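Shown below: model-v5.cif, with mmCIF, C-alpha atoms and all ligand atoms.
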```cif
data_input
#
loop_
_atom_site.group_PDB
_atom_site.id
_atom_site.type_symbol
_atom_site.label_atom_id
_atom_site.label_comp_id
_atom_site.auth_asym_id
_atom_site.auth_seq_id
_atom_site.Cartn_x
_atom_site.Cartn_y
_atom_site.Cartn_z
ATOM 1 C CA MET A 3 -59.629 -41.326 -8.990
ATOM 2 C CA ARG A 4 -63.005 -42.963 -9.610
ATOM 3 C CA PHE A 5 -63.461 -45.039 -12.735
ATOM 4 C CA GLY A 6 -67.026 -45.524 -13.894
ATOM 5 C CA ILE A 7 -68.007 -48.063 -16.524
ATOM 6 C CA ASP A 8 -71.287 -48.229 -18.399
ATOM 7 C CA LEU A 9 -71.633 -51.745 -19.746
ATOM 8 C CA GLY A 10 -74.304 -51.771 -22.436
ATOM 9 C CA GLY A 11 -75.415 -54.191 -25.099
ATOM 10 C CA THR A 12 -73.539 -52.407 -27.879
ATOM 11 C CA LYS A 13 -70.824 -50.351 -26.173
ATOM 12 C CA ILE A 14 -68.646 -50.203 -23.079
ATOM 13 C CA GLU A 15 -67.797 -46.714 -21.896
ATOM 14 C CA ILE A 16 -65.326 -45.657 -19.208
ATOM 15 C CA VAL A 17 -64.913 -42.306 -17.503
ATOM 16 C CA ALA A 18 -62.241 -41.184 -15.048
ATOM 17 C CA LEU A 19 -63.773 -38.809 -12.540
ATOM 18 C CA ALA A 20 -61.364 -36.826 -10.377
ATOM 19 C CA ARG A 21 -62.119 -35.970 -6.777
ATOM 20 C CA ASP A 22 -63.272 -32.462 -7.750
ATOM 21 C CA GLY A 23 -65.731 -33.901 -10.290
ATOM 22 C CA THR A 24 -63.728 -33.077 -13.423
ATOM 23 C CA VAL A 25 -63.622 -35.673 -16.203
ATOM 24 C CA ARG A 26 -60.017 -36.723 -16.774
ATOM 25 C CA LEU A 27 -60.627 -39.293 -19.478
ATOM 26 C CA ARG A 28 -63.400 -40.835 -21.478
ATOM 27 C CA GLU A 29 -63.297 -43.805 -23.847
ATOM 28 C CA ARG A 30 -65.754 -46.153 -25.467
ATOM 29 C CA ARG A 31 -65.529 -49.332 -27.474
ATOM 30 C CA PRO A 32 -67.936 -51.964 -28.829
ATOM 31 C CA THR A 33 -69.166 -54.633 -26.403
ATOM 32 C CA PRO A 34 -67.603 -57.991 -27.355
ATOM 33 C CA PRO A 35 -69.978 -60.883 -28.020
ATOM 34 C CA THR A 36 -68.774 -63.193 -25.241
ATOM 35 C CA TYR A 37 -68.650 -62.812 -21.482
ATOM 36 C CA GLU A 38 -64.958 -63.640 -21.190
ATOM 37 C CA ALA A 39 -64.038 -61.080 -23.835
ATOM 38 C CA THR A 40 -66.194 -58.503 -22.041
ATOM 39 C CA ILE A 41 -64.262 -59.003 -18.784
ATOM 40 C CA GLU A 42 -60.997 -58.679 -20.716
ATOM 41 C CA ALA A 43 -62.186 -55.524 -22.485
ATOM 42 C CA ILE A 44 -63.142 -53.863 -19.192
ATOM 43 C CA ALA A 45 -59.826 -54.839 -17.583
ATOM 44 C CA ALA A 46 -57.967 -53.392 -20.582
ATOM 45 C CA LEU A 47 -59.971 -50.142 -20.453
ATOM 46 C CA VAL A 48 -59.193 -49.702 -16.745
ATOM 47 C CA ALA A 49 -55.489 -50.515 -17.270
ATOM 48 C CA GLU A 50 -55.262 -47.974 -20.102
ATOM 49 C CA ALA A 51 -57.107 -45.342 -18.072
ATOM 50 C CA GLU A 52 -54.722 -45.853 -15.160
ATOM 51 C CA ARG A 53 -51.728 -45.558 -17.458
ATOM 52 C CA GLU A 54 -53.048 -42.341 -18.946
ATOM 53 C CA THR A 55 -54.084 -40.701 -15.687
ATOM 54 C CA GLY A 56 -51.155 -42.100 -13.727
ATOM 55 C CA VAL A 57 -53.286 -43.082 -10.730
ATOM 56 C CA ARG A 58 -55.007 -46.184 -9.449
ATOM 57 C CA GLY A 59 -58.715 -45.762 -8.851
ATOM 58 C CA THR A 60 -61.932 -47.302 -7.586
ATOM 59 C CA VAL A 61 -64.116 -49.088 -10.142
ATOM 60 C CA GLY A 62 -67.908 -48.984 -10.375
ATOM 61 C CA VAL A 63 -69.940 -50.623 -13.135
ATOM 62 C CA GLY A 64 -73.489 -49.987 -14.304
ATOM 63 C CA ILE A 65 -75.290 -52.803 -16.122
ATOM 64 C CA PRO A 66 -78.731 -53.255 -17.691
ATOM 65 C CA GLY A 67 -79.679 -55.798 -15.014
ATOM 66 C CA SER A 68 -78.793 -56.530 -11.407
ATOM 67 C CA LEU A 69 -76.888 -58.890 -9.143
ATOM 68 C CA SER A 70 -78.994 -61.367 -7.207
ATOM 69 C CA PRO A 71 -78.241 -61.131 -3.477
ATOM 70 C CA ALA A 72 -79.118 -64.848 -3.237
ATOM 71 C CA THR A 73 -76.793 -66.231 -5.905
ATOM 72 C CA GLY A 74 -74.387 -63.344 -6.537
ATOM 73 C CA LEU A 75 -75.087 -63.780 -10.251
ATOM 74 C CA VAL A 76 -76.372 -61.272 -12.785
ATOM 75 C CA ARG A 77 -80.097 -61.529 -13.536
ATOM 76 C CA ASN A 78 -82.525 -59.748 -15.853
ATOM 77 C CA ALA A 79 -79.818 -58.242 -18.053
ATOM 78 C CA ASN A 80 -80.859 -57.609 -21.641
ATOM 79 C CA THR A 81 -77.170 -58.107 -22.461
ATOM 80 C CA GLN A 82 -77.689 -61.860 -22.403
ATOM 81 C CA ALA A 83 -74.017 -62.839 -22.022
ATOM 82 C CA LEU A 84 -74.030 -61.353 -18.499
ATOM 83 C CA ASN A 85 -76.926 -63.370 -17.126
ATOM 84 C CA GLY A 86 -75.978 -66.092 -14.659
ATOM 85 C CA ARG A 87 -72.422 -64.765 -14.277
ATOM 86 C CA PRO A 88 -70.673 -63.461 -11.114
ATOM 87 C CA LEU A 89 -69.692 -60.216 -12.832
ATOM 88 C CA ASP A 90 -68.446 -58.344 -9.748
ATOM 89 C CA LYS A 91 -66.261 -61.250 -8.618
ATOM 90 C CA ASP A 92 -64.824 -61.878 -12.081
ATOM 91 C CA LEU A 93 -64.025 -58.198 -12.512
ATOM 92 C CA ALA A 94 -62.497 -58.067 -9.016
ATOM 93 C CA ALA A 95 -60.230 -60.967 -9.950
ATOM 94 C CA ALA A 96 -59.266 -59.354 -13.252
ATOM 95 C CA LEU A 97 -58.613 -55.946 -11.705
ATOM 96 C CA GLY A 98 -57.160 -56.910 -8.340
ATOM 97 C CA ARG A 99 -59.641 -54.875 -6.305
ATOM 98 C CA GLU A 100 -63.248 -54.891 -5.152
ATOM 99 C CA VAL A 101 -65.649 -53.746 -7.885
ATOM 100 C CA ARG A 102 -69.137 -52.362 -7.271
ATOM 101 C CA VAL A 103 -71.854 -53.309 -9.764
ATOM 102 C CA THR A 104 -75.395 -51.992 -9.906
ATOM 103 C CA ASN A 105 -78.118 -51.452 -12.467
ATOM 104 C CA ASP A 106 -78.132 -48.522 -14.860
ATOM 105 C CA ALA A 107 -81.179 -46.808 -13.338
ATOM 106 C CA ASN A 108 -79.399 -46.675 -9.974
ATOM 107 C CA CYS A 109 -76.416 -45.116 -11.753
ATOM 108 C CA LEU A 110 -78.703 -42.491 -13.285
ATOM 109 C CA ALA A 111 -80.108 -41.728 -9.831
ATOM 110 C CA MET A 112 -76.604 -41.464 -8.295
ATOM 111 C CA SER A 113 -75.343 -39.170 -11.027
ATOM 112 C CA GLU A 114 -78.365 -36.874 -11.093
ATOM 113 C CA ALA A 115 -78.557 -36.694 -7.282
ATOM 114 C CA ALA A 116 -74.868 -35.759 -7.008
ATOM 115 C CA ASP A 117 -74.579 -32.915 -9.509
ATOM 116 C CA GLY A 118 -77.433 -33.235 -11.968
ATOM 117 C CA ALA A 119 -81.126 -32.390 -12.028
ATOM 118 C CA GLY A 120 -81.590 -33.859 -8.538
ATOM 119 C CA ALA A 121 -78.737 -31.970 -6.877
ATOM 120 C CA GLY A 122 -79.734 -30.382 -3.575
ATOM 121 C CA HIS A 123 -82.655 -32.774 -3.075
ATOM 122 C CA ARG A 124 -82.599 -35.465 -0.406
ATOM 123 C CA THR A 125 -84.596 -38.218 -2.123
ATOM 124 C CA VAL A 126 -84.368 -38.637 -5.897
ATOM 125 C CA PHE A 127 -86.477 -41.079 -7.904
ATOM 126 C CA ALA A 128 -84.869 -41.538 -11.301
ATOM 127 C CA VAL A 129 -86.564 -43.169 -14.264
ATOM 128 C CA ILE A 130 -85.051 -44.575 -17.433
ATOM 129 C CA MET A 131 -87.507 -44.685 -20.318
ATOM 130 C CA GLY A 132 -85.914 -45.940 -23.484
ATOM 131 C CA THR A 133 -85.631 -49.431 -24.933
ATOM 132 C CA GLY A 134 -86.747 -50.601 -21.494
ATOM 133 C CA CYS A 135 -88.100 -48.907 -18.425
ATOM 134 C CA GLY A 136 -86.527 -48.864 -14.971
ATOM 135 C CA GLY A 137 -86.146 -46.836 -11.831
ATOM 136 C CA GLY A 138 -83.635 -46.091 -9.114
ATOM 137 C CA ILE A 139 -83.799 -44.360 -5.748
ATOM 138 C CA VAL A 140 -81.040 -42.366 -4.095
ATOM 139 C CA SER A 141 -81.633 -40.845 -0.680
ATOM 140 C CA SER A 142 -79.031 -38.773 1.170
ATOM 141 C CA GLY A 143 -76.437 -39.840 -1.395
ATOM 142 C CA ARG A 144 -77.064 -43.577 -1.068
ATOM 143 C CA ILE A 145 -78.846 -46.060 -3.325
ATOM 144 C CA LEU A 146 -81.912 -47.446 -1.553
ATOM 145 C CA ASP A 147 -81.835 -51.194 -1.809
ATOM 146 C CA GLY A 148 -82.650 -54.138 0.385
ATOM 147 C CA PRO A 149 -82.645 -57.894 0.887
ATOM 148 C CA ASN A 150 -83.901 -58.646 -2.618
ATOM 149 C CA GLY A 151 -81.780 -56.168 -4.536
ATOM 150 C CA THR A 152 -84.940 -54.806 -6.144
ATOM 151 C CA GLY A 153 -85.064 -51.254 -4.774
ATOM 152 C CA GLY A 154 -86.548 -48.935 -7.399
ATOM 153 C CA GLU A 155 -87.496 -51.774 -9.796
ATOM 154 C CA TRP A 156 -90.469 -49.841 -11.020
ATOM 155 C CA GLY A 157 -90.567 -50.942 -14.662
ATOM 156 C CA HIS A 158 -91.851 -54.405 -13.786
ATOM 157 C CA THR A 159 -94.687 -53.336 -11.546
ATOM 158 C CA PRO A 160 -98.149 -53.196 -13.135
ATOM 159 C CA LEU A 161 -99.679 -50.062 -14.590
ATOM 160 C CA PRO A 162 -101.830 -48.684 -11.743
ATOM 161 C CA TRP A 163 -105.494 -47.664 -12.071
ATOM 162 C CA MET A 164 -105.859 -49.617 -15.322
ATOM 163 C CA THR A 165 -108.919 -48.903 -17.414
ATOM 164 C CA GLU A 166 -111.028 -51.753 -18.772
ATOM 165 C CA ALA A 167 -109.453 -51.181 -22.179
ATOM 166 C CA GLU A 168 -105.968 -51.462 -20.717
ATOM 167 C CA PHE A 169 -106.578 -54.537 -18.560
ATOM 168 C CA PRO A 170 -104.724 -56.897 -18.266
ATOM 169 C CA GLY A 171 -102.037 -55.261 -20.447
ATOM 170 C CA PRO A 172 -99.487 -56.585 -22.919
ATOM 171 C CA ARG A 173 -97.314 -59.605 -22.138
ATOM 172 C CA CYS A 174 -93.900 -58.472 -20.871
ATOM 173 C CA TRP A 175 -90.623 -60.278 -21.609
ATOM 174 C CA CYS A 176 -90.394 -60.934 -17.835
ATOM 175 C CA GLY A 177 -93.428 -63.217 -18.088
ATOM 176 C CA ARG A 178 -96.005 -60.975 -16.430
ATOM 177 C CA LEU A 179 -98.832 -58.945 -17.945
ATOM 178 C CA GLY A 180 -99.169 -55.174 -17.898
ATOM 179 C CA CYS A 181 -95.736 -54.185 -16.603
ATOM 180 C CA LEU A 182 -95.028 -50.455 -16.852
ATOM 181 C CA GLU A 183 -92.280 -51.258 -19.334
ATOM 182 C CA THR A 184 -94.848 -52.582 -21.816
ATOM 183 C CA PHE A 185 -96.645 -49.201 -21.762
ATOM 184 C CA LEU A 186 -93.957 -46.612 -21.054
ATOM 185 C CA SER A 187 -90.845 -47.759 -22.946
ATOM 186 C CA GLY A 188 -90.112 -46.641 -26.498
ATOM 187 C CA PRO A 189 -91.260 -49.952 -28.012
ATOM 188 C CA GLY A 190 -94.337 -49.840 -25.740
ATOM 189 C CA LEU A 191 -95.314 -46.386 -26.984
ATOM 190 C CA ALA A 192 -94.591 -47.367 -30.601
ATOM 191 C CA ALA A 193 -96.781 -50.478 -30.364
ATOM 192 C CA ASP A 194 -99.588 -48.505 -28.719
ATOM 193 C CA CYS A 195 -99.469 -45.957 -31.552
ATOM 194 C CA ASP A 196 -98.774 -48.122 -34.600
ATOM 195 C CA GLY A 197 -99.761 -51.630 -33.566
ATOM 196 C CA PRO A 198 -97.942 -54.835 -32.639
ATOM 197 C CA GLY A 199 -94.404 -55.065 -33.959
ATOM 198 C CA ALA A 200 -93.774 -51.299 -34.115
ATOM 199 C CA ARG A 201 -90.644 -50.526 -32.054
ATOM 200 C CA ASP A 202 -89.520 -46.995 -32.845
ATOM 201 C CA ALA A 203 -91.217 -44.169 -30.982
ATOM 202 C CA GLY A 204 -88.731 -41.535 -32.112
ATOM 203 C CA GLY A 205 -90.923 -39.918 -34.754
ATOM 204 C CA ILE A 206 -94.202 -39.889 -32.828
ATOM 205 C CA PRO A 207 -93.875 -36.392 -31.235
ATOM 206 C CA ALA A 208 -93.164 -34.831 -34.663
ATOM 207 C CA ARG A 209 -96.112 -36.701 -36.189
ATOM 208 C CA ALA A 210 -98.372 -35.438 -33.399
ATOM 209 C CA ALA A 211 -97.089 -31.888 -33.901
ATOM 210 C CA ALA A 212 -97.867 -32.207 -37.620
ATOM 211 C CA GLY A 213 -101.479 -32.987 -36.752
ATOM 212 C CA GLU A 214 -101.634 -36.785 -36.896
ATOM 213 C CA GLU A 215 -104.431 -37.659 -34.472
ATOM 214 C CA LYS A 216 -103.295 -41.232 -33.869
ATOM 215 C CA ALA A 217 -99.862 -40.039 -32.748
ATOM 216 C CA ALA A 218 -101.302 -37.314 -30.508
ATOM 217 C CA ALA A 219 -103.686 -39.783 -28.887
ATOM 218 C CA ALA A 220 -100.870 -42.263 -28.201
ATOM 219 C CA LEU A 221 -98.764 -39.515 -26.592
ATOM 220 C CA ALA A 222 -101.713 -38.448 -24.437
ATOM 221 C CA ARG A 223 -102.238 -42.044 -23.232
ATOM 222 C CA HIS A 224 -98.510 -42.388 -22.578
ATOM 223 C CA ALA A 225 -98.363 -39.172 -20.498
ATOM 224 C CA ASP A 226 -101.429 -40.225 -18.516
ATOM 225 C CA ARG A 227 -99.962 -43.666 -17.820
ATOM 226 C CA LEU A 228 -96.636 -42.168 -16.757
ATOM 227 C CA ALA A 229 -98.515 -39.811 -14.439
ATOM 228 C CA ARG A 230 -100.359 -42.718 -12.816
ATOM 229 C CA ALA A 231 -97.154 -44.699 -12.421
ATOM 230 C CA LEU A 232 -95.363 -41.737 -10.836
ATOM 231 C CA GLY A 233 -98.363 -40.911 -8.640
ATOM 232 C CA MET A 234 -98.002 -44.382 -7.145
ATOM 233 C CA ILE A 235 -94.323 -43.658 -6.419
ATOM 234 C CA VAL A 236 -95.226 -40.355 -4.751
ATOM 235 C CA ASN A 237 -97.719 -42.194 -2.537
ATOM 236 C CA ILE A 238 -95.113 -44.718 -1.397
ATOM 237 C CA LEU A 239 -91.804 -42.845 -1.412
ATOM 238 C CA ASP A 240 -92.696 -39.121 -1.618
ATOM 239 C CA PRO A 241 -89.416 -38.253 -3.366
ATOM 240 C CA ASP A 242 -88.253 -34.629 -3.414
ATOM 241 C CA VAL A 243 -87.788 -34.760 -7.165
ATOM 242 C CA ILE A 244 -88.464 -37.147 -10.071
ATOM 243 C CA VAL A 245 -85.794 -37.192 -12.783
ATOM 244 C CA LEU A 246 -86.513 -38.655 -16.231
ATOM 245 C CA GLY A 247 -83.709 -40.139 -18.310
ATOM 246 C CA GLY A 248 -83.438 -42.365 -21.384
ATOM 247 C CA GLY A 249 -84.478 -41.571 -24.953
ATOM 248 C CA LEU A 250 -88.124 -40.750 -24.186
ATOM 249 C CA SER A 251 -87.066 -38.152 -21.603
ATOM 250 C CA ASN A 252 -86.391 -35.873 -24.598
ATOM 251 C CA MET A 253 -90.161 -35.551 -25.141
ATOM 252 C CA ARG A 254 -90.616 -32.013 -23.836
ATOM 253 C CA HIS A 255 -94.375 -32.196 -23.383
ATOM 254 C CA LEU A 256 -93.961 -34.627 -20.468
ATOM 255 C CA TYR A 257 -92.648 -31.941 -18.113
ATOM 256 C CA ALA A 258 -95.702 -29.724 -18.526
ATOM 257 C CA GLU A 259 -98.356 -32.424 -18.860
ATOM 258 C CA VAL A 260 -97.385 -35.084 -16.339
ATOM 259 C CA PRO A 261 -97.363 -33.119 -13.028
ATOM 260 C CA PRO A 262 -101.037 -31.984 -13.223
ATOM 261 C CA LEU A 263 -102.105 -35.474 -14.362
ATOM 262 C CA MET A 264 -100.176 -36.943 -11.421
ATOM 263 C CA ALA A 265 -102.120 -34.846 -8.929
ATOM 264 C CA ARG A 266 -105.287 -36.911 -9.463
ATOM 265 C CA HIS A 267 -103.510 -39.976 -8.108
ATOM 266 C CA VAL A 268 -101.566 -38.496 -5.202
ATOM 267 C CA PHE A 269 -103.344 -39.306 -1.961
ATOM 268 C CA GLY A 270 -103.104 -35.894 -0.322
ATOM 269 C CA ASP A 271 -104.158 -32.302 -0.735
ATOM 270 C CA VAL A 272 -100.998 -31.278 -2.591
ATOM 271 C CA SER A 273 -98.986 -32.714 -5.465
ATOM 272 C CA ARG A 274 -95.899 -30.589 -5.851
ATOM 273 C CA THR A 275 -93.192 -33.075 -6.763
ATOM 274 C CA PRO A 276 -91.151 -31.625 -9.636
ATOM 275 C CA VAL A 277 -90.678 -33.828 -12.708
ATOM 276 C CA VAL A 278 -87.492 -32.786 -14.509
ATOM 277 C CA GLN A 279 -85.247 -34.019 -17.289
ATOM 278 C CA ALA A 280 -81.887 -35.614 -16.457
ATOM 279 C CA ARG A 281 -79.020 -33.161 -16.890
ATOM 280 C CA HIS A 282 -76.306 -35.604 -17.855
ATOM 281 C CA GLY A 283 -78.275 -37.403 -20.564
ATOM 282 C CA ASP A 284 -76.578 -40.540 -21.835
ATOM 283 C CA SER A 285 -73.552 -39.811 -19.637
ATOM 284 C CA SER A 286 -75.410 -40.529 -16.407
ATOM 285 C CA GLY A 287 -74.512 -44.213 -16.673
ATOM 286 C CA VAL A 288 -70.750 -43.704 -16.512
ATOM 287 C CA PHE A 289 -70.884 -40.822 -14.042
ATOM 288 C CA GLY A 290 -73.195 -42.707 -11.691
ATOM 289 C CA ALA A 291 -71.037 -45.827 -11.924
ATOM 290 C CA ALA A 292 -67.976 -43.774 -10.971
ATOM 291 C CA ARG A 293 -69.921 -42.459 -7.994
ATOM 292 C CA LEU A 294 -70.723 -45.910 -6.605
ATOM 293 C CA TRP A 295 -67.724 -45.417 -4.327
ATOM 294 C CA ASP A 296 -68.778 -41.953 -3.130
ATOM 295 C CA PRO A 297 -69.247 -41.740 0.628
ATOM 296 C CA GLY A 298 -73.019 -41.655 1.188
HETATM 297 ZN ZN ZN A 301 -92.127 -57.109 -16.871
#
```

Would you mind writing the file out in structure tokens?
Amino acid sequence: MRFGIDLGGTKIEIVALARDGTVRLRERRPTPPTYEATIEAIAALVAEAERETGVRGTVGVGIPGSLSPATGLVRNANTQALNGRPLDKDLAAALGREVRVTNDANCLAMSEAADGAGAGHRTVFAVIMGTGCGGGIVSSGRILDGPNGTGGEWGHTPLPWMTEAEFPGPRCWCGRLGCLETFLSGPGLAADCDGPGARDAGGIPARAAAGEEKAAAALARHADRLARALGMIVNILDPDVIVLGGGLSNMRHLYAEVPPLMARHVFGDVSRTPVVQARHGDSSGVFGAARLWDPG
């Protein structure tokens, strides 16, 4: 049995994935406010899941951040209680087994590569565009990562081929200017459309469809920026497929508009990388976390 846990800012979700890929159990509960209570809540969820399924399993956890290979501590998590904590070691102690922890975009890539929109492709670049913006790479069933633990960290690279109007870009929470996240995330799109302070991009496609020019123009800029950002990925990684996840991946126009816009930035005579929507939606986090123990 493989237990996957999606540890988010508001909820913790667990799934029990059997060897044949069937879901044996699924539970969610609110994320407690403190770190210690979060560890306890995860340990309790795993214990309950093992009681219900009657088998001991492997445990993988997806988080909105990553573990530093230098310190072994969580960094860059927007769930602040996790930052600076040795989450994998504390969970291992609480659960009596090794626990694998990675960021949520890597989980999306694992899940979609295994049996989602990236199934059958060797190299999958997966993007989360929602509250934030991130990326993950899975090739031949394995997460691509290296000495810095930053493989696929696309959201905090600068928007490529910036126009004069775009340069140097908005200030990002990470301290830099012009990160992709400031342009491509939901709050980034909302601010571009409705000005500083706007955070909700959910209604923009409907406004554009109803004829609001400002909304249509913001969506066009967003699609063009996404195309540039993905064109850069194609030039470096040449993935077999690009999978979009997160709330903004529900914007249907992206799948028709982005590939031809991407072609202008791909350094070659063809640009045929498919851009597709994630199949598992919000469930990719738990499924991918469960798959962290899959043989690559
Ligand atoms: Zn940034």

Identify all residues satisfying the PyMOL selection byres (((chain A and resi 273-285) around 6) and not hetatm) in the given file; provide them as a ChimeraX atom specification. /A:118-119,243-247,265,272,286-288

Output of the PyMOL selection byres (((not hetatm)) within 8 of (chain A and resi 301)), listed as a count of residues only: 15

For this file, the PyMOL selection byres (((chain A and resi 28) around 7) and not hetatm) selects which residues, as an mmCIF file with C-alpha atoms, in the coordinates of the input?
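Wrote result.cif, looks like this:
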```cif
data_model
loop_
_atom_site.group_PDB
_atom_site.id
_atom_site.type_symbol
_atom_site.label_atom_id
_atom_site.label_comp_id
_atom_site.auth_asym_id
_atom_site.auth_seq_id
_atom_site.Cartn_x
_atom_site.Cartn_y
_atom_site.Cartn_z
ATOM 1 C CA ILE A 16 -65.326 -45.657 -19.208
ATOM 2 C CA VAL A 17 -64.913 -42.306 -17.503
ATOM 3 C CA ALA A 18 -62.241 -41.184 -15.048
ATOM 4 C CA LEU A 27 -60.627 -39.293 -19.478
ATOM 5 C CA GLU A 29 -63.297 -43.805 -23.847
#
```

Counting only C-alpha atoms, the option among A:Val236, A:Leu84, A:Leu294, A:Cys135 closest to His267 in chain A: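 The answer is A:Val236, which sits nearest to His267 in chain A.
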
Near Asp147 in chain A, counting all atoms listed in the file, which residues have an atom at most 12 Å away, once you skip same-chain residues fewer than 4 positions from it, shown as a ChimeraX atom specification? /A:68-71,104-105,108,137-141,151-155

Smallest atom-to-atom distance to Pro189 in chain A: which of A:Val101, A:Ile235, A:Cys109, A:Leu250, using all atoms listed in the file?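 Nearest candidate to Pro189 in chain A out of A:Val101, A:Ile235, A:Cys109, A:Leu250: A:Leu250.
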
Using all atoms listed in the file and a cutoff of 7 Å, can you tell me which residues are near (-82.9, -49.2, -17.9) in the file's coordinates, and write them out as a ChimeraX atom specification? /A:66,106-107,130-131,134-136
